[in-house]
Amino acid sequence: MQKYYYQSGRCEASSYQGLYPVLCESTDVKNEYKKVRMVCKGWKDGHATEPSCPMAESCSVYINTPDIIEDKGMALRDKKLGE
């Protein structure tokens, strides 16, 4: 199952401060998800498998996102906001 986590930070490519979506997938542990990749506008339409962002490999927002996120009903979203 996939969900979205919104990480606060500053996008180095656009210089904007905000909440940026990170795609997460469930693990074998109940209510535990691992980060997979960014799905922000720098990833073309947000669903692309290849980034169009020049900072994709060194994205500080992605790096600062926890590797494992425990969903207690508030941390993750079923749909990407704005869709």
# chains A, B, ... in the order shown; residues from 1 in each chain; ligands from 1
>>> residues_around(residues="Ala75 of chain A", least_positions_apart="4", cutoff="9 Å", atoms="only C-alpha atoms", output="list in words")
Tyr4, Tyr5, Tyr6, Ile69, Glu70 and Asp71 of chain A
>>> select_by_dssp(residues="chain A", states="alpha helix (DSSP H)", output="list in words")
Ser60, Val61, Tyr62, Ile63 and Asn64 of chain A
>>> write_last_selection(atoms="N, CA and C atoms", output="PDB file, in the first residue's frame")
ATOM      1  N   SER A  60      17.641  17.776  -0.100  1.00  0.00           N
ATOM      2  CA  SER A  60      17.723  17.847   1.362  1.00  0.00           C
ATOM      3  C   SER A  60      16.380  17.539   2.013  1.00  0.00           C
ATOM      4  N   VAL A  61      15.280  17.856   1.341  1.00  0.00           N
ATOM      5  CA  VAL A  61      13.963  17.537   1.896  1.00  0.00           C
ATOM      6  C   VAL A  61      13.816  16.016   1.991  1.00  0.00           C
ATOM      7  N   TYR A  62      14.200  15.298   0.936  1.00  0.00           N
ATOM      8  CA  TYR A  62      14.115  13.834   0.940  1.00  0.00           C
ATOM      9  C   TYR A  62      15.083  13.232   1.960  1.00  0.00           C
ATOM     10  N   ILE A  63      16.295  13.752   2.004  1.00  0.00           N
ATOM     11  CA  ILE A  63      17.304  13.248   2.941  1.00  0.00           C
ATOM     12  C   ILE A  63      16.843  13.428   4.385  1.00  0.00           C
ATOM     13  N   ASN A  64      16.152  14.533   4.683  1.00  0.00           N
ATOM     14  CA  ASN A  64      15.680  14.810   6.039  1.00  0.00           C
ATOM     15  C   ASN A  64      14.391  14.075   6.403  1.00  0.00           C
TER      16      ASN A  64
END
>>> select_by_dssp(residues="chain A", states="strand (DSSP E or B)", output="PyMOL selection string")
chain A and resi 2-10+17-26+32-38+68-70+76-77
>>> write_last_selection(atoms="C-alpha atoms", output="compact mmCIF listing (two decimals), in the first residue's frame")
# COMPACT_ATOMS: atom_id res chain seq x y z
CA GLN A 2 1.27 3.46 -0.87
CA LYS A 3 0.72 6.65 1.09
CA TYR A 4 2.12 10.17 1.10
CA TYR A 5 4.15 11.86 3.80
CA TYR A 6 4.62 15.63 3.75
CA GLN A 7 8.07 16.78 4.82
CA SER A 8 8.70 20.39 5.76
CA GLY A 9 11.78 21.95 4.25
CA ARG A 10 13.36 24.26 1.70
CA GLN A 17 10.01 26.73 1.87
CA GLY A 18 7.04 24.38 2.18
CA LEU A 19 5.63 20.91 2.67
CA TYR A 20 6.79 18.46 0.02
CA PRO A 21 5.26 15.04 -0.75
CA VAL A 22 7.27 11.85 -0.29
CA LEU A 23 5.88 8.55 -1.54
CA CYS A 24 5.94 5.82 1.12
CA GLU A 25 5.16 2.10 0.93
CA SER A 26 4.00 -0.18 3.70
CA GLU A 32 4.96 1.22 9.35
CA TYR A 33 5.96 2.78 6.04
CA LYS A 34 9.32 3.35 4.34
CA LYS A 35 10.14 6.31 2.13
CA VAL A 36 10.48 5.52 -1.57
CA ARG A 37 11.00 8.79 -3.47
CA MET A 38 9.91 12.38 -3.81
CA ILE A 68 10.69 4.67 8.47
CA ILE A 69 7.43 6.46 9.33
CA GLU A 70 4.92 5.08 11.81
CA LEU A 76 0.39 9.84 6.19
CA ARG A 77 -2.23 10.61 3.55
>>> closest_residue(among="A:Val29, A:Met1, A:Met74, A:Ala13", to="Cys59 of chain A", atoms="only C-alpha atoms")
A:Ala13
>>> closest_residue(among="A:Ser52, A:Lys72, A:Thr27, A:Ser58", to="Val39 of chain A", atoms="only C-alpha atoms")
A:Ser52
>>> closest_residue(among="A:Glu57, A:Asp28, A:Pro66, A:Cys40", to="Leu81 of chain A", atoms="only C-alpha atoms")
A:Cys40
>>> closest_residue(among="A:Lys41, A:Tyr16, A:Gly82, A:Asn31", to="Pro54 of chain A", atoms="only C-alpha atoms")
A:Lys41
